[in-house]
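Asks: This structure is in structure tokens; I'll ask about it shortly.
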Amino acid sequence: MNLTLNVWRQKGRTAAGAFEKYPVNDVSDHMSFLEMLDVLNEKLTAEGKDPVAFEHDCREGICGSCGFMIDGRPHGPMPRTTVCQLHMRSFKDGDELFLEPFRASAFPILKDLVVDRGAFDRIVQAGGYVSVNTGSAPEANSTPVPKTAADASFDNAACIACGACVAACPNGAAMLFTSAKVAHLNLLPQGEPERYERATNMVLQMDKEGFGHCSWHGECAEACPKGIPLASIARMNGEFTVANLLRSPHVSGGDGGG
Amino acid sequence: MELKSRLPEGPIETAWSRHKFNMKLVNPANRRKYNVIVVGSGLAGAAAAATLGEQGYNVACFCFQDSPRRAHSIAAQGGINAAKNYQNDSDSVYRLFYDTVKGGDFRAREQNVYRLAELSVNIIDQAVAQGVPFAREYGGLLANRSFGGAQVSRTFYARGQTGQQLLLGAYQALERQIAAGRVKMYTRHEMLELVTADGRARGIVARDLTSGAVTSFAADAVCLATGGYSNVFFLSTNAKGCNVTSTWRAHKKGALFANPCFTQIHPTCIPQAGDYQSKLTLMSESLRNDGRVWVPKDPADAGKSPRDIPEDKRDYYLERKYPSFGNLSPRDIASRAAKIVCDEGRGVGPAVGGVRRGVYLDFADAIGRVGKAGVSEKYGNLFEMYDRITGEDPYQVPMRMYPAPHYTMGGLWVDYNLMSNIPGCFVLGEANFSDHGANRLGASALMQGLADGYFVLPATLPDYLAGVKPGGTDSGHAAFRDAENAVKVKTETLLGINGKRTADSFHRELGYLMWDKCGMSRTREGLNEAITRIPQIREEFWENLAVPGSGAELNQSLEKAGRVADFLEFAELMCVDARDREESCGGHYREEYQDDGEARRDDANFQYAAAWEFNGVDAAPTLHKEPLAFNYVKPVTRSYK
């Protein structure tokens with residue numbers, strides 16, 4: 001098939017950007033979307049032009065490196081599919097596509113389709129862990145965890161931090177990402193001792209990073225390639241509210257939240 | 001050069017404990033005076049950086065990705081072994097040790113492997129405490145499965161995403177230390193030189209991949225946890241960014257590279273679909289627990305739909321050749337068996353380059369036995385992934401599989417303390433050569449990465465640090481200036497060739513050559529051809545490479561070119577090692593040394609680790625041999641019949 005791509009080109013963080021048009025011909029159905037871009041980049045390089053910068057690593061949908069907008073949808077048209085796992089059989093001959101980076105004020109553009117998602121790491125630093133030093137762990141089976149809790153925790157732990165939820169949200173909120181980590185840990189007995197501090201501090205950090213607030217559009221869960229449930233946001237809001245009511249001495253307080 | 005492996009003597013069951021007691025410690029109040037660099041943030045690197053931070057050292061951790069959570073450990077699917085014996089099927093530390101030594105085809109050190117088996121149980125405890133959501137039984141206790149040819153159920157798993165969950169555990173521990181100010185994280189930084197002075201590792205030079213700035217970082221010890229080199233084959237299951245650069249550049253500074261020819265080909269990967277293919281996708285070999293592997297008996301049936309091939313026309317070749325292990329035969333054996341049937345013209349799926357390279361992995365029996373829901377419960381995400389990539393529904397038609405490069409057992413030579421022959425340069429995880437011998441068992445990579453990072457290095461590093469004055473070197477030292485200059489010159493050279501071919505095109509050419517001559521089976525003749533051809537490709541690379549853009553910006557072409565340049569040097573050493581090892585063992589299969597298709601090991605002449613010393617890009621390397629002794633597990637011919 002033959003396609004026309006309109007790709008957002010931007011030299012650097014502060015440079016102005018614009019769409020540029022590229023024809024891509026003889027695309028096979030079996031190619032992944034990124035392999036199609038590889039072919040374009042090989043051609044651009046051979047012509048002495050700057051290839052399109054895009055982030056990618058594992059190309060199996062698990063590392064979370066890749067992601068950009070295809071026709072306004074994060075990771076493109078296939079549900080539950082990262083762009084590295086999107087195959088060209090989802091498109092047809094003659095299609096004209098628009099590729100642009102994930103856009104959010106908390107995700108500055110570094111170059112072309114590459115954005116800086118460092119804010120996600122800082123949200124995790126605010127409490128997305130269990131405070132247990134290496135060596136101090138009790139015997140693994142000493143605390144039974146109900147299978148339902150472990151499974152629900154896993155469903156949230158499956159988040160790959162790609163940022164699609166933020167890009168999909170009209171407010172540029174990071175609620176789905178943050179709530180997935182809160183739910184992953186708070187649903188387990190191991191996460192229980194720090195549950196309220198975790199919810200509070202991660203929400204406050206989220207606000208500090210410049211992510212928007214949640215107004216329940218639900219676009220995030222729709223765009224999520226890993227199916228993180230929208231209910232996790234409600235859970236986090238609940239934990240945040242209870243934390244403030246408890247006025248735990250370990251909590252720094254604040255008026256953030258979803 | 002004498003290889004000092006520092007293996008503890010005496011009974012193996014207490015060797016690690018005694019060794020720990022005999023090592024020096026660093027007083028908690030003094031630890032913050034020591035700067036430690038950890039390169040890589042996968043299981044080994046993140047676990048080490050987090051643990052050293054907890055202990056009070058000043059840690060700097062580097063990764064080339066945008067976040068430490070992206071490291072390729074995240075893609076490991078199947079599970080992690082531990083000798084917990086929760087299933088009461090007579091597992092023990094000793095049995096895991098025994099299986100690993102045997103599985104490695106008697107080319108690993110017994111003491112290292114025993115320590116690994118011993119630490120396996122602590123890893124599970126640690127991961128559970130961190131909130132890793134392992135699979136559980138309805139009673140709330142941890143579930144296990146049998147994996148990769150093991151006859152006991154000792155594998156812990158988190159659906160098909162065990163690597164992801166374990167890495168997130170280590171990543172979260174690392175982020176906690178970053179927040180505490182104990183670890184400084186440098187993302188989007190690539191290590192391009194190991195700096196040595198007065199015979200010791202003193203730090204690194206790294207390039208900031210966003211700005212292009214080249215900077216020196218001084219430290220009292222440098223720990224490399226930068227993974228394996230499967231991408232020397234271009235097509236592998238590794239992430240696109242995985243590379244040999246940090247270990248190769250350390251090698252060029254004097255660190256010995258051991259057993260580079262020991263590479264693992266994973267039997268269950270999705271076959272290549274076309275010439276544009278950028279990587280291969282692994283499907284967890286846990287699938288072999290329920291899937292049955294077959295090809296048509298008659299090459300004439302190879303193009304038919306699998307459902308039109310009746311039972312009596314199918315060859316379930318693993319069950320036929322290896323009745324006691326069947327579909328669960330170890331990786332090297334299953335991979336070679338697949339190659340043999342495809343070479344006979346009985347492969348299935350689309351032909352790429354004129355050959356059908358694929359075998360069926362069929363779940364029809366399993367679906368008949370436990371139903372679609374039962375199969376989906378165990379493998380749902382893998383089936384979805386397969387469908388997404390191939391456009392075929394494995395509940396309806398059998399999966400197609402073919403072996404692909406997946407893991408490398410070779411790596412920088414290290415002693416029992418994980419220190420290379422360069423004092424102060426430690427190597428962890430897949431980047432070292434130590435524990436898997438010539439073949440790694442399934443679910444043992446996660447175990448080794450975490451054992452090294454959480455438990456081994458944090459115990460052995462203090463023994464080194466206690467003997468050196470903290471802050472002994474600053475980054476103004478001439479050695480740093482020289483290393484920085486070397487990086488800058490190399491960058492300018494790559495940018496200034498202004499040729500016609502992309503780095504990827506050279507990488508692809510090298511990869512196909514390596515797969516052909518130094519892949520699943522090797523011959524002296526083929527290796528000689530590769531050893532002649534590689535320097536020619538290298539020469540053209542330095543004359544005809546095209547790298548657009550500049551060095552002062554985010555330039556992915558430049559990053560790639562630097563990595564390919566290193567693969568082009570490393571590949572030659574790999575072939576030299578493969579040619580030199582005139583036996584077949586584990587993942588190293590020499591056609592000249594076989595009995596009826598079964599590997600013929602030569603213990604009389606090759607029971608050693610081959611550690612190579614660098615003498616220059618176009619000079620022959622020097623071989624140093626570390627003999628291996630087997631006092632507990634008597635070397636036998638591996639038989640899975």
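Here's how to read the names in the structure tokens: chain A, B, ... by the order shown, residue numbers from 1 in each chain, ligand numbers from 1 in the order shown.
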With chain B as the partner and 6 Å as the cut-off, tabulate the residues of chain A that qualify, each row holding the nearest pair of atoms and their distance in Å to one decimal, using only C-alpha atoms, sorted by chain and rising number, as CSV.

Replies:
```
residue,atom,partner,partner_atom,distance
A:Asp50,CA,B:Pro548,CA,5.8
A:Asp57,CA,B:Ala239,CA,5.0
A:Cys58,CA,B:Ala239,CA,3.8
A:Cys63,CA,B:Arg70,CA,4.9
A:Gln125,CA,B:Glu175,CA,5.0
A:Tyr129,CA,B:Gln172,CA,5.1
A:Val130,CA,B:Gln130,CA,5.3
A:Ala137,CA,B:Gln126,CA,5.2
A:Glu139,CA,B:Asp125,CA,5.4
A:Ala140,CA,B:Asp125,CA,4.3
A:Asn141,CA,B:Leu141,CA,5.8
A:Pro144,CA,B:Gly140,CA,4.5
A:Val145,CA,B:Gly140,CA,4.5
A:Pro146,CA,B:Gly140,CA,4.5
A:Lys147,CA,B:Tyr138,CA,5.4
A:Ala150,CA,B:Pro133,CA,5.6
A:Phe154,CA,B:Pro133,CA,5.5
A:Gln190,CA,B:Gly131,CA,5.9
```

Asks: Could you list, as number ranges by chain, every residue within 7 Å of Asn432 (chain B), counting only C-alpha atoms and ignoring same-chain residues fewer than 2 positions away?

Replies: B: 410-414, 427-430, 434

Asks: Using all heavy atoms, can you export the residues from the last selection as a PDB file, in the first residue's frame?

Replies:
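Below you can see part.pdb, which holds the result:
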```pdb
ATOM      1  N   GLY B 410      27.908 -15.467  27.590  1.00  0.00           N
ATOM      2  CA  GLY B 410      29.231 -14.868  27.687  1.00  0.00           C
ATOM      3  C   GLY B 410      29.134 -13.432  28.176  1.00  0.00           C
ATOM      4  O   GLY B 410      28.048 -12.845  28.226  1.00  0.00           O
ATOM      5  N   GLY B 411      30.279 -12.882  28.537  1.00  0.00           N
ATOM      6  CA  GLY B 411      30.293 -11.498  29.028  1.00  0.00           C
ATOM      7  C   GLY B 411      31.651 -11.202  29.618  1.00  0.00           C
ATOM      8  O   GLY B 411      32.594 -12.003  29.488  1.00  0.00           O
ATOM      9  N   LEU B 412      31.778 -10.075  30.274  1.00  0.00           N
ATOM     10  CA  LEU B 412      33.083  -9.751  30.848  1.00  0.00           C
ATOM     11  C   LEU B 412      33.424 -10.766  31.933  1.00  0.00           C
ATOM     12  O   LEU B 412      32.571 -11.166  32.736  1.00  0.00           O
ATOM     13  CB  LEU B 412      33.087  -8.332  31.414  1.00  0.00           C
ATOM     14  CG  LEU B 412      33.025  -7.210  30.369  1.00  0.00           C
ATOM     15  CD1 LEU B 412      33.070  -5.840  31.051  1.00  0.00           C
ATOM     16  CD2 LEU B 412      34.145  -7.321  29.343  1.00  0.00           C
ATOM     17  N   TRP B 413      34.681 -11.168  31.954  1.00  0.00           N
ATOM     18  CA  TRP B 413      35.148 -12.105  32.963  1.00  0.00           C
ATOM     19  C   TRP B 413      35.109 -11.415  34.334  1.00  0.00           C
ATOM     20  O   TRP B 413      35.502 -10.245  34.472  1.00  0.00           O
ATOM     21  CB  TRP B 413      36.585 -12.552  32.650  1.00  0.00           C
ATOM     22  CG  TRP B 413      37.100 -13.576  33.625  1.00  0.00           C
ATOM     23  CD1 TRP B 413      36.983 -14.931  33.525  1.00  0.00           C
ATOM     24  CD2 TRP B 413      37.795 -13.304  34.853  1.00  0.00           C
ATOM     25  NE1 TRP B 413      37.557 -15.530  34.622  1.00  0.00           N
ATOM     26  CE2 TRP B 413      38.060 -14.562  35.457  1.00  0.00           C
ATOM     27  CE3 TRP B 413      38.198 -12.141  35.516  1.00  0.00           C
ATOM     28  CZ2 TRP B 413      38.728 -14.687  36.679  1.00  0.00           C
ATOM     29  CZ3 TRP B 413      38.850 -12.258  36.740  1.00  0.00           C
ATOM     30  CH2 TRP B 413      39.115 -13.520  37.307  1.00  0.00           C
ATOM     31  N   VAL B 414      34.593 -12.114  35.332  1.00  0.00           N
ATOM     32  CA  VAL B 414      34.602 -11.587  36.701  1.00  0.00           C
ATOM     33  C   VAL B 414      35.052 -12.679  37.672  1.00  0.00           C
ATOM     34  O   VAL B 414      34.910 -13.868  37.392  1.00  0.00           O
ATOM     35  CB  VAL B 414      33.204 -11.085  37.154  1.00  0.00           C
ATOM     36  CG1 VAL B 414      32.815  -9.804  36.427  1.00  0.00           C
ATOM     37  CG2 VAL B 414      32.131 -12.160  36.952  1.00  0.00           C
ATOM     38  N   VAL B 427      31.070  -6.225  37.304  1.00  0.00           N
ATOM     39  CA  VAL B 427      30.139  -6.503  36.206  1.00  0.00           C
ATOM     40  C   VAL B 427      29.026  -7.415  36.706  1.00  0.00           C
ATOM     41  O   VAL B 427      29.288  -8.453  37.322  1.00  0.00           O
ATOM     42  CB  VAL B 427      30.862  -7.164  35.006  1.00  0.00           C
ATOM     43  CG1 VAL B 427      29.960  -7.143  33.783  1.00  0.00           C
ATOM     44  CG2 VAL B 427      32.174  -6.459  34.697  1.00  0.00           C
ATOM     45  N   LEU B 428      27.786  -7.018  36.445  1.00  0.00           N
ATOM     46  CA  LEU B 428      26.629  -7.717  37.014  1.00  0.00           C
ATOM     47  C   LEU B 428      25.660  -8.183  35.930  1.00  0.00           C
ATOM     48  O   LEU B 428      25.584  -7.580  34.865  1.00  0.00           O
ATOM     49  CB  LEU B 428      25.818  -6.762  37.901  1.00  0.00           C
ATOM     50  CG  LEU B 428      26.348  -6.240  39.208  1.00  0.00           C
ATOM     51  CD1 LEU B 428      27.439  -5.229  38.963  1.00  0.00           C
ATOM     52  CD2 LEU B 428      25.215  -5.587  39.978  1.00  0.00           C
ATOM     53  N   GLY B 429      24.878  -9.185  36.280  1.00  0.00           N
ATOM     54  CA  GLY B 429      23.766  -9.612  35.428  1.00  0.00           C
ATOM     55  C   GLY B 429      24.250 -10.222  34.130  1.00  0.00           C
ATOM     56  O   GLY B 429      25.314 -10.839  34.063  1.00  0.00           O
ATOM     57  N   GLU B 430      23.468 -10.014  33.084  1.00  0.00           N
ATOM     58  CA  GLU B 430      23.800 -10.640  31.800  1.00  0.00           C
ATOM     59  C   GLU B 430      25.144 -10.157  31.260  1.00  0.00           C
ATOM     60  O   GLU B 430      25.790 -10.838  30.461  1.00  0.00           O
ATOM     61  CB  GLU B 430      22.681 -10.345  30.777  1.00  0.00           C
ATOM     62  CG  GLU B 430      22.820 -11.145  29.483  1.00  0.00           C
ATOM     63  CD  GLU B 430      21.699 -10.881  28.475  1.00  0.00           C
ATOM     64  OE1 GLU B 430      20.716 -10.205  28.840  1.00  0.00           O
ATOM     65  OE2 GLU B 430      21.814 -11.347  27.337  1.00  0.00           O
ATOM     66  N   SER B 434      29.250 -15.173  34.310  1.00  0.00           N
ATOM     67  CA  SER B 434      29.587 -16.107  35.368  1.00  0.00           C
ATOM     68  C   SER B 434      28.754 -17.347  35.593  1.00  0.00           C
ATOM     69  O   SER B 434      29.289 -18.398  35.868  1.00  0.00           O
ATOM     70  CB  SER B 434      29.697 -15.338  36.679  1.00  0.00           C
ATOM     71  OG  SER B 434      28.435 -14.837  37.026  1.00  0.00           O
TER      72      SER B 434
END
```

Asks: Would you list the contacts of Arg235 (chain A) as a compact mmCIF listing (two decimals) with C-alpha atoms, in the first residue's frame, taking every protein, DNA or RNA residue within 10 Å and counting only C-alpha atoms, but skipping same-chain residues closer than 3 positions in sequence?

Replies:
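Contents of the output file selection07.txt:
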```txt
# COMPACT_ATOMS: atom_id res chain seq x y z
CA SER A 179 -3.93 5.94 40.34
CA ALA A 180 -2.62 2.74 38.75
CA VAL A 182 -1.55 3.79 44.03
CA ALA A 183 -3.92 0.88 43.38
CA ASN A 186 -2.53 -0.12 48.13
CA ALA A 199 -1.94 8.54 47.80
CA LEU A 230 -11.00 3.95 35.15
CA ALA A 231 -12.20 2.82 38.58
CA SER A 232 -8.61 3.17 39.82
CA GLY A 238 -11.23 7.94 47.89
CA GLU A 239 -7.83 7.24 49.43
CA PHE A 240 -6.85 10.89 49.07
CA THR A 241 -10.04 12.06 50.75
```

Asks: As number ranges by chain, please: every residue in region 118-207 of chain A that DSSP puts in alpha helix (DSSP H).

Replies: A: 118-125, 147-157, 164-168, 175-186, 195-207

Asks: May I have the residues within 7 Å of Gly228 (chain B) as a list in words, using only C-alpha atoms and disregarding those fewer than 3 positions away in the same chain?

Replies: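 Listed by chain and then number, they are Val244, Tyr407, Thr408, Glu430 and Ala431 of chain B.
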